[in-house]
file protein-v1.cif (mmCIF, C-alpha atoms)
data_start
#
loop_
_atom_site.label_atom_id
_atom_site.label_comp_id
_atom_site.auth_asym_id
_atom_site.auth_seq_id
_atom_site.Cartn_x
_atom_site.Cartn_y
_atom_site.Cartn_z
CA GLN D 9 25.75 22.13 -27.55
CA GLN D 10 24.91 19.73 -24.72
CA SER D 11 21.43 21.08 -24.00
CA SER D 12 19.87 19.15 -26.89
CA ALA D 13 21.38 15.88 -25.66
CA VAL D 14 20.10 16.54 -22.12
CA ALA D 15 16.62 17.31 -23.44
CA VAL D 16 16.48 14.15 -25.55
CA VAL D 17 17.70 11.94 -22.68
CA ALA D 18 15.24 13.47 -20.20
CA LEU D 19 12.35 12.97 -22.62
CA LEU D 20 13.37 9.39 -23.36
CA ASN D 21 13.61 8.60 -19.65
CA MET D 22 10.16 9.99 -18.97
CA MET D 23 8.60 8.06 -21.87
CA ILE D 24 10.19 4.65 -21.34
CA ALA D 25 10.23 4.62 -17.52
CA ILE D 26 6.59 3.47 -17.35
CA PRO D 27 6.79 0.52 -19.77
CA PHE D 28 10.05 -0.52 -18.11
CA GLY D 29 8.44 -0.26 -14.69
CA ALA D 30 5.56 -2.43 -15.84
CA SER D 31 7.91 -5.07 -17.29
CA TYR D 32 10.32 -5.72 -14.41
CA PHE D 33 8.18 -8.35 -12.71
CA PRO D 34 6.07 -11.19 -14.18
CA VAL D 35 2.51 -10.20 -15.08
CA GLY D 36 1.08 -12.91 -12.81
CA TRP D 37 2.65 -11.27 -9.75
CA LYS D 38 -0.34 -8.99 -9.20
CA SER D 39 -0.13 -5.75 -7.29
CA ILE D 40 -1.42 -5.92 -3.72
CA ASP D 41 -3.44 -2.71 -4.17
CA GLY D 42 -5.18 -3.94 -7.30
CA SER D 43 -3.76 -1.07 -9.37
CA ASP D 44 -2.81 -3.36 -12.24
CA HIS D 45 -5.14 -2.54 -15.08
CA THR D 46 -7.10 -5.57 -16.24
CA SER D 47 -9.15 -5.21 -19.38
CA SER D 48 -9.35 -8.87 -20.33
CA SER D 49 -12.80 -10.37 -20.06
CA ASN D 50 -11.37 -13.71 -19.00
CA ALA D 51 -8.77 -12.42 -16.55
CA GLU D 52 -9.91 -14.89 -13.92
CA GLU D 53 -8.75 -17.74 -16.18
CA GLU D 54 -5.17 -16.50 -16.45
CA GLU D 55 -2.25 -18.82 -15.86
CA SER D 56 0.42 -16.17 -15.88
CA ASP D 57 3.46 -18.25 -16.85
CA ASP D 58 2.81 -20.46 -13.79
CA VAL D 59 3.10 -17.28 -11.72
CA ASP D 60 -0.14 -16.39 -9.94
CA GLY D 61 0.32 -14.59 -6.65
CA THR D 62 0.11 -11.27 -4.86
CA PHE D 63 2.97 -8.78 -5.02
CA PRO D 64 4.04 -8.08 -1.41
CA LEU D 65 4.16 -4.28 -1.75
CA PRO D 66 1.60 -1.78 -3.03
CA GLY D 67 2.26 -0.02 -6.32
CA LYS D 68 4.19 -2.67 -8.28
CA VAL D 69 4.48 -0.49 -11.40
CA ALA D 70 5.51 2.56 -9.34
CA LEU D 71 8.21 0.46 -7.68
CA GLY D 72 9.47 -0.60 -11.11
CA ILE D 73 9.57 3.02 -12.25
CA ARG D 74 11.68 3.95 -9.22
CA MET D 75 14.03 1.06 -10.01
CA PHE D 76 14.45 2.25 -13.59
CA LEU D 77 15.01 5.90 -12.66
CA PHE D 78 17.47 5.00 -9.89
CA ALA D 79 19.51 2.71 -12.16
CA THR D 80 19.50 5.30 -14.95
CA ALA D 81 20.52 8.12 -12.61
CA VAL D 82 23.43 6.09 -11.20
CA GLY D 83 24.64 5.14 -14.68
CA GLN D 84 24.29 8.71 -15.97
CA LEU D 85 26.23 10.20 -13.05
CA ILE D 86 29.06 7.69 -13.40
CA GLY D 87 29.19 8.16 -17.16
CA THR D 88 29.09 11.94 -16.94
CA PHE D 89 32.13 12.13 -14.66
CA SER D 90 34.15 9.18 -15.98
CA SER D 91 33.32 8.67 -19.66
CA LYS D 92 35.56 9.96 -22.43
CA PHE D 93 32.52 10.73 -24.59
CA THR D 94 31.37 14.34 -24.84
CA ASN D 95 27.70 13.53 -24.25
CA PRO D 96 27.46 10.05 -22.71
CA ILE D 97 23.93 8.70 -22.51
CA TYR D 98 23.12 5.89 -20.12
CA LEU D 99 19.81 4.06 -20.45
CA GLN D 100 18.87 0.63 -19.22
CA MET D 101 18.73 -1.93 -22.04
CA VAL D 102 15.43 -3.61 -22.71
CA GLU D 103 17.41 -6.81 -23.30
CA ASN D 104 17.72 -7.08 -19.52
CA VAL D 105 14.03 -7.85 -19.07
CA PRO D 106 14.19 -11.57 -20.04
CA PHE D 107 16.96 -12.16 -17.52
CA LEU D 108 15.10 -10.26 -14.80
CA HIS D 109 12.03 -12.44 -15.40
CA ALA D 110 14.15 -15.60 -15.33
CA LEU D 111 15.52 -14.61 -11.91
CA ALA D 112 12.00 -13.83 -10.71
CA TYR D 113 10.71 -17.26 -11.76
CA ILE D 114 13.55 -18.97 -9.88
CA VAL D 115 13.00 -16.96 -6.70
CA ILE D 116 9.22 -17.45 -6.76
CA GLU D 117 9.65 -21.19 -7.23
CA GLU D 118 11.97 -21.38 -4.21
CA GLN D 119 10.47 -18.77 -1.85
CA GLY D 120 6.94 -18.02 -3.03
CA TYR D 121 5.45 -14.54 -3.36
CA GLY D 122 6.23 -12.94 0.02
CA ILE D 123 8.41 -10.02 1.01
CA GLU D 124 11.39 -12.34 1.55
CA ALA D 125 11.16 -13.43 -2.10
CA LEU D 126 11.17 -9.80 -3.27
CA SER D 127 14.16 -9.07 -1.02
CA THR D 128 16.06 -12.02 -2.50
CA LEU D 129 15.13 -10.92 -6.00
CA PHE D 130 16.45 -7.40 -5.41
CA PHE D 131 19.71 -8.84 -4.10
CA LEU D 132 20.03 -10.98 -7.25
CA PHE D 133 19.32 -7.95 -9.44
CA GLY D 134 22.15 -6.06 -7.77
CA LEU D 135 24.54 -9.03 -7.69
CA SER D 136 24.01 -9.81 -11.37
CA SER D 137 24.69 -6.17 -12.26
CA VAL D 138 27.95 -6.22 -10.32
CA ILE D 139 29.05 -9.50 -11.93
CA VAL D 140 28.27 -8.23 -15.44
CA GLY D 141 30.09 -4.96 -14.72
CA ILE D 142 33.19 -6.75 -13.45
CA THR D 143 33.15 -9.10 -16.44
CA PHE D 144 32.94 -6.32 -19.01
CA TYR D 145 35.56 -4.24 -17.19
CA THR D 146 37.92 -7.21 -17.14
CA LEU D 147 37.39 -7.89 -20.84
CA GLY D 148 38.16 -4.26 -21.62
CA LYS D 149 41.16 -4.09 -19.31
CA LEU D 150 42.68 -7.20 -20.88
CA GLU D 151 41.73 -6.00 -24.38
CA LEU D 152 39.66 -9.12 -24.98
CA GLY D 153 36.78 -7.36 -26.69
CA ARG D 154 37.29 -9.38 -29.86
CA ILE D 155 36.53 -12.61 -28.04
CA VAL D 156 32.99 -12.26 -29.39
CA TYR D 157 34.30 -13.17 -32.85
CA PHE D 158 35.08 -16.68 -31.61
CA PHE D 159 31.34 -17.38 -31.34
CA PRO D 160 29.65 -18.59 -34.55
CA SER D 161 27.51 -15.86 -36.08
CA HIS D 162 24.37 -18.03 -36.12
CA VAL D 163 24.70 -18.52 -32.35
CA LEU D 164 24.77 -14.76 -31.74
CA VAL D 165 21.92 -14.17 -34.18
CA GLY D 166 19.88 -16.86 -32.44
CA CYS D 167 20.50 -15.34 -29.01
CA ILE D 168 19.55 -11.86 -30.18
CA GLY D 169 16.49 -13.19 -32.02
CA GLY D 170 15.37 -15.09 -28.93
CA ILE D 171 15.64 -11.96 -26.81
CA GLY D 172 13.64 -10.06 -29.43
CA ALA D 173 10.90 -12.69 -29.40
CA PHE D 174 10.75 -12.56 -25.59
CA ILE D 175 10.47 -8.76 -25.66
CA ILE D 176 7.57 -8.96 -28.14
CA ILE D 177 5.73 -11.44 -25.93
CA THR D 178 6.42 -9.30 -22.84
CA ALA D 179 5.08 -6.22 -24.64
CA ILE D 180 1.88 -8.13 -25.48
CA GLU D 181 1.52 -9.27 -21.87
CA VAL D 182 2.10 -5.79 -20.45
CA THR D 183 -0.43 -4.31 -22.87
CA ASN D 184 -3.04 -6.98 -22.10
CA ASN D 185 -2.09 -7.34 -18.43
CA ALA D 186 -2.47 -11.05 -19.10
CA SER D 187 -0.04 -13.83 -19.83
CA PHE D 188 0.26 -14.67 -23.53
CA THR D 189 0.42 -18.33 -24.47
CA PHE D 190 0.44 -20.00 -27.86
CA ASP D 191 -2.88 -21.74 -27.39
CA MET D 192 -6.56 -20.88 -27.82
CA ASN D 193 -6.77 -19.11 -24.45
CA GLY D 194 -3.84 -16.85 -25.32
CA ILE D 195 -5.17 -16.13 -28.80
CA GLU D 196 -8.66 -15.37 -27.48
CA ALA D 197 -7.24 -12.97 -24.87
CA PHE D 198 -5.22 -11.27 -27.60
CA ILE D 199 -8.29 -10.90 -29.82
CA ASP D 200 -10.45 -9.60 -26.95
CA ASN D 201 -7.92 -6.82 -26.30
CA PHE D 202 -6.93 -6.20 -29.91
CA HIS D 203 -8.29 -2.65 -29.64
CA LEU D 204 -5.28 -1.87 -27.45
CA PHE D 205 -2.93 -2.87 -30.26
CA VAL D 206 -4.73 -0.85 -32.93
CA VAL D 207 -3.09 2.33 -31.62
CA VAL D 208 0.36 0.71 -31.78
CA ILE D 209 -0.22 -0.58 -35.31
CA PHE D 210 -1.51 2.82 -36.45
CA PHE D 211 1.54 4.73 -35.19
CA GLU D 212 3.96 2.11 -36.52
CA ALA D 213 2.35 2.06 -39.97
CA THR D 214 2.27 5.87 -40.08
CA LEU D 215 5.99 6.08 -39.26
CA ARG D 216 6.91 3.52 -41.91
CA ILE D 217 4.90 5.38 -44.55
CA LEU D 218 6.50 8.71 -43.61
CA ILE D 219 9.98 7.18 -43.82
CA ILE D 220 9.27 5.84 -47.31
CA VAL D 221 7.69 8.99 -48.74
CA THR D 222 10.42 11.29 -47.35
CA GLN D 223 13.31 9.41 -48.95
CA ASP D 224 15.22 10.98 -51.81
CA LYS D 225 15.79 9.29 -55.16
CA HIS D 226 18.83 7.50 -53.72
CA GLY D 227 16.80 6.00 -50.87
CA ARG D 228 18.38 8.23 -48.23
CA PRO D 229 16.21 10.02 -45.63
CA ARG D 230 15.64 13.75 -46.24
CA PHE D 231 14.82 14.36 -42.56
CA PRO D 232 17.20 12.48 -40.22
CA LEU D 233 15.24 13.65 -37.16
CA LEU D 234 11.93 12.30 -38.45
CA THR D 235 11.97 9.17 -36.28
CA PRO D 236 12.90 10.80 -32.93
CA VAL D 237 10.50 13.70 -33.50
CA PHE D 238 7.70 11.30 -34.40
CA TYR D 239 8.49 9.21 -31.33
CA CYS D 240 8.25 12.27 -29.09
CA MET D 241 4.94 13.29 -30.68
CA ILE D 242 3.19 9.97 -29.99
CA THR D 243 1.91 10.98 -26.55
CA PRO D 244 0.47 14.41 -27.49
CA LEU D 245 -1.04 12.98 -30.68
CA PHE D 246 -2.71 10.25 -28.64
CA TYR D 247 -4.37 12.83 -26.39
CA ILE D 248 -5.37 14.92 -29.40
CA GLY D 249 -6.92 11.83 -30.97
CA MET D 250 -8.88 11.16 -27.76
CA ALA D 251 -10.19 14.74 -27.80
CA ILE D 252 -11.22 14.52 -31.46
CA LEU D 253 -13.03 11.21 -30.92
CA GLY D 254 -14.65 12.47 -27.71
CA VAL D 255 -13.16 9.73 -25.50
CA ASN D 256 -12.92 10.73 -21.83
CA MET D 257 -10.09 9.71 -19.53
CA ASP D 258 -12.18 7.42 -17.33
CA ALA D 259 -13.41 5.38 -20.28
CA ALA D 260 -9.88 5.11 -21.72
CA ARG D 261 -8.44 4.09 -18.35
CA SER D 262 -11.08 1.43 -17.75
CA SER D 263 -10.43 0.05 -21.25
CA GLY D 264 -6.73 -0.41 -20.43
CA TYR D 265 -5.20 2.39 -22.51
CA PHE D 266 -3.32 3.82 -19.53
CA PHE D 267 -0.95 2.30 -17.01
CA PRO D 268 -2.05 2.37 -13.35
CA SER D 269 -1.75 5.60 -11.41
CA MET D 270 1.46 6.30 -9.50
CA MET D 271 -0.67 6.53 -6.35
CA PRO D 272 -1.87 3.28 -4.77
CA ASP D 273 -5.61 3.88 -4.53
CA GLU D 274 -8.41 2.22 -2.64
CA ASP D 275 -11.10 3.47 -4.97
CA ALA D 276 -11.33 5.66 -8.01
CA ALA D 277 -13.14 8.49 -6.23
CA SER D 278 -10.54 8.94 -3.50
CA ASN D 279 -7.77 8.68 -6.09
CA THR D 280 -9.36 11.44 -8.19
CA ALA D 281 -9.74 13.70 -5.17
CA ALA D 282 -6.14 13.09 -4.11
CA ALA D 283 -4.88 13.76 -7.61
CA ALA D 284 -6.72 17.06 -7.69
CA SER D 285 -5.16 18.21 -4.42
CA ASN D 286 -1.59 17.10 -5.07
CA SER D 287 0.95 18.14 -7.63
CA ALA D 288 2.68 15.65 -9.89
CA PHE D 289 5.97 16.29 -8.07
CA SER D 290 4.50 15.63 -4.62
CA ILE D 291 2.94 12.38 -5.85
CA PHE D 292 6.26 11.29 -7.34
CA TRP D 293 8.16 12.27 -4.19
CA THR D 294 5.71 10.35 -1.99
CA MET D 295 6.15 7.22 -4.09
CA LEU D 296 9.92 7.70 -4.11
CA THR D 297 10.26 7.92 -0.33
CA ASP D 298 7.40 5.77 0.95
CA GLU D 299 8.07 3.73 4.08
CA HIS D 300 7.56 0.39 2.34
CA LEU D 301 10.98 0.69 0.72
CA LEU D 302 12.51 0.11 4.15
CA ASP D 303 10.68 -3.21 4.38
CA ILE D 304 13.01 -4.61 1.74
#

call {"tool": "encode", "arguments": {"input": "protein-v1.cif", "output": "structure tokens"}}
result
Amino acid sequence: QQSSAVAVVALLNMMIAIPFGASYFPVGWKSIDGSDHTSSSNAEEEESDDVDGTFPLPGKVALGIRMFLFATAVGQLIGTFSSKFTNPIYLQMVENVPFLHALAYIVIEEQGYGIEALSTLFFLFGLSSVIVGITFYTLGKLELGRIVYFFPSHVLVGCIGGIGAFIIITAIEVTNNASFTFDMNGIEAFIDNFHLFVVVIFFEATLRILIIVTQDKHGRPRFPLLTPVFYCMITPLFYIGMAILGVNMDAARSSGYFFPSMMPDEDAASNTAAAASNSAFSIFWTMLTDEHLLDI
């Protein structure tokens, strides 16, 4: 009975680890190895939320992926052995991203872009997690969970809506690898890279249509698993679409359809040769245990 839950959680972790890893740090904090994909024609004109510096370690996205997987593994282990739920599932909330960026802006403003700034930022990430955990535990222990009802509903709706708007803007920035601003420069960058959003719009529209046409006469879904199954099929369908259209991997990668490789590379040729001679597990293990982690 628990195997299905384990399979779903493992698949979700593999699919959302990369976008989470790409979202932990501001877009303007560029990777030192140049692995950040840049498909914008006017990338040199970016003013990435007043953040424009070099990330002190190679493989910024890979580092973010390790952060996500480590936090998820810790939460899952604690939940598995302490939760009263039969199948507890622990995933990091995307609502955390705005707060992580806010901390990053503060640290960069005070300490710049060096390794000491990243060290301070990691400490703040951990400290904020501990404070939030203690706060929620105290509220539960004192049975003060209903304190949320003392806040006016429009305040809560505004907070949630603001987080949603920030997540949308962050998603646009991660897709474009460029800061999005509500001016002509931001709009032009969005239009130049609109081909990257066509895929998202296509899958979203297809899902909405399927949900509507599969409802019964009472408006209830006939297939409750339609959404999760469709979500899991996005990646294979994308590759099938590339094969049908005759798009090769190099062209798709240069156009920005893929996140950077897990391996920090000096040039595409050496990266291709290394990828051919190493398994996916060995690449992941190398990134997980690289010596730069000790620099923090």

call {"tool": "closest_residue", "arguments": {"input": "protein-v1.cif", "among": "D:Asn184, D:Thr62, D:Phe246, D:Ile252", "to": "Asp200 of chain D", "atoms": "all atoms listed in the file"}}
result
D:Asn184

call {"tool": "atom_distance", "arguments": {"input": "protein-v1.cif", "atom1": "atom CA of Gly264 of chain D", "atom2": "atom CA of Thr183 of chain D"}}
result
7.8 Å

call {"tool": "residues_around", "arguments": {"input": "protein-v1.cif", "residues": "Val115 of chain D", "least_positions_apart": "3", "cutoff": "7 Å", "atoms": "all atoms listed in the file", "output": "list of chain:residue names"}}
result
D:Leu111, D:Ala112, D:Glu118, D:Gln119, D:Ala125, D:Leu129

call {"tool": "atom_distance", "arguments": {"input": "protein-v1.cif", "atom1": "atom CA of Glu196 of chain D", "atom2": "atom CA of Ile168 of chain D"}}
result
28.6 Å

call {"tool": "resolve_selection", "arguments": {"input": "protein-v1.cif", "expression": "the PyMOL selection byres ((chain D and resi 28) around 9)", "output": "PyMOL selection string"}}
result
chain D and resi 24-27+29-32+69+72-73+76+100+102+105

call {"tool": "closest_residue", "arguments": {"input": "protein-v1.cif", "among": "D:Val156, D:Leu65, D:Ile175, D:Gly87", "to": "Phe107 of chain D", "atoms": "all atoms listed in the file"}}
result
D:Ile175

call {"tool": "closest_residue", "arguments": {"input": "protein-v1.cif", "among": "D:Tyr145, D:Tyr98, D:Phe78, D:Tyr121", "to": "Pro64 of chain D", "atoms": "only C-alpha atoms"}}
result
D:Tyr121

call {"tool": "closest_residue", "arguments": {"input": "protein-v1.cif", "among": "D:Phe198, D:Thr94, D:Ile219, D:Asn21", "to": "Ala186 of chain D", "atoms": "all atoms listed in the file"}}
result
D:Phe198

call {"tool": "atom_distance", "arguments": {"input": "protein-v1.cif", "atom1": "atom CA of Ala70 of chain D", "atom2": "atom CA of Trp37 of chain D"}}
result
14.1 Å

call {"tool": "closest_residue", "arguments": {"input": "protein-v1.cif", "among": "D:Phe159, D:Leu85, D:Asp258, D:Met75", "to": "Gly134 of chain D", "atoms": "all atoms listed in the file"}}
result
D:Met75

call {"tool": "residues_around", "arguments": {"input": "protein-v1.cif", "residues": "Ile177 of chain D", "least_positions_apart": "5", "cutoff": "12 Å", "atoms": "all atoms listed in the file", "output": "list of chain:residue names"}}
result
D:Ser31, D:Pro34, D:Val35, D:Asp57, D:Val105, D:Pro106, D:Gly170, D:Ile171, D:Gly172, D:Val182, D:Thr183, D:Asn184, D:Asn185, D:Ala186, D:Ser187, D:Phe188, D:Thr189, D:Phe190, D:Gly194, D:Phe198

call {"tool": "write_last_selection", "arguments": {"input": "protein-v1.cif", "atoms": "C-alpha atoms", "output": "PDB file, in the coordinates of the input"}}
result
ATOM      1  CA  SER D  31       7.910  -5.070 -17.290  1.00  0.00           C
ATOM      2  CA  PRO D  34       6.070 -11.190 -14.180  1.00  0.00           C
ATOM      3  CA  VAL D  35       2.510 -10.200 -15.080  1.00  0.00           C
ATOM      4  CA  ASP D  57       3.460 -18.250 -16.850  1.00  0.00           C
ATOM      5  CA  VAL D 105      14.030  -7.850 -19.070  1.00  0.00           C
ATOM      6  CA  PRO D 106      14.190 -11.570 -20.040  1.00  0.00           C
ATOM      7  CA  GLY D 170      15.370 -15.090 -28.930  1.00  0.00           C
ATOM      8  CA  ILE D 171      15.640 -11.960 -26.810  1.00  0.00           C
ATOM      9  CA  GLY D 172      13.640 -10.060 -29.430  1.00  0.00           C
ATOM     10  CA  VAL D 182       2.100  -5.790 -20.450  1.00  0.00           C
ATOM     11  CA  THR D 183      -0.430  -4.310 -22.870  1.00  0.00           C
ATOM     12  CA  ASN D 184      -3.040  -6.980 -22.100  1.00  0.00           C
ATOM     13  CA  ASN D 185      -2.090  -7.340 -18.430  1.00  0.00           C
ATOM     14  CA  ALA D 186      -2.470 -11.050 -19.100  1.00  0.00           C
ATOM     15  CA  SER D 187      -0.040 -13.830 -19.830  1.00  0.00           C
ATOM     16  CA  PHE D 188       0.260 -14.670 -23.530  1.00  0.00           C
ATOM     17  CA  THR D 189       0.420 -18.330 -24.470  1.00  0.00           C
ATOM     18  CA  PHE D 190       0.440 -20.000 -27.860  1.00  0.00           C
ATOM     19  CA  GLY D 194      -3.840 -16.850 -25.320  1.00  0.00           C
ATOM     20  CA  PHE D 198      -5.220 -11.270 -27.600  1.00  0.00           C
TER      21      PHE D 198
END

call {"tool": "closest_residue", "arguments": {"input": "protein-v1.cif", "among": "D:Val82, D:Ile209, D:Leu204, D:Gly166", "to": "Arg261 of chain D", "atoms": "only C-alpha atoms"}}
result
D:Leu204

call {"tool": "residues_near_point", "arguments": {"input": "protein-v1.cif", "point": "(-3.1, 12.2, -25.8)", "cutoff": "12 Å", "atoms": "only C-alpha atoms", "output": "list in words"}}
result
Val207, Cys240, Met241, Ile242, Thr243, Pro244, Leu245, Phe246, Tyr247, Ile248, Gly249, Met250, Ala251, Ile252, Leu253, Gly254, Val255, Asn256, Met257, Ala260, Tyr265 and Phe266 of chain D

call {"tool": "closest_atom_pairs", "arguments": {"input": "protein-v1.cif", "of": "segment 118-214 of chain D", "to": "segment 222-237 of chain D", "cutoff": "12 Å", "atoms": "all atoms listed in the file", "output": "JSON lines"}}
result
{"residue": "D:Phe211", "atom": "CA", "partner": "D:Thr235", "partner_atom": "CA", "distance": 11.4}
{"residue": "D:Glu212", "atom": "CA", "partner": "D:Thr235", "partner_atom": "CA", "distance": 10.7}
{"residue": "D:Thr214", "atom": "CA", "partner": "D:Thr235", "partner_atom": "CA", "distance": 10.9}
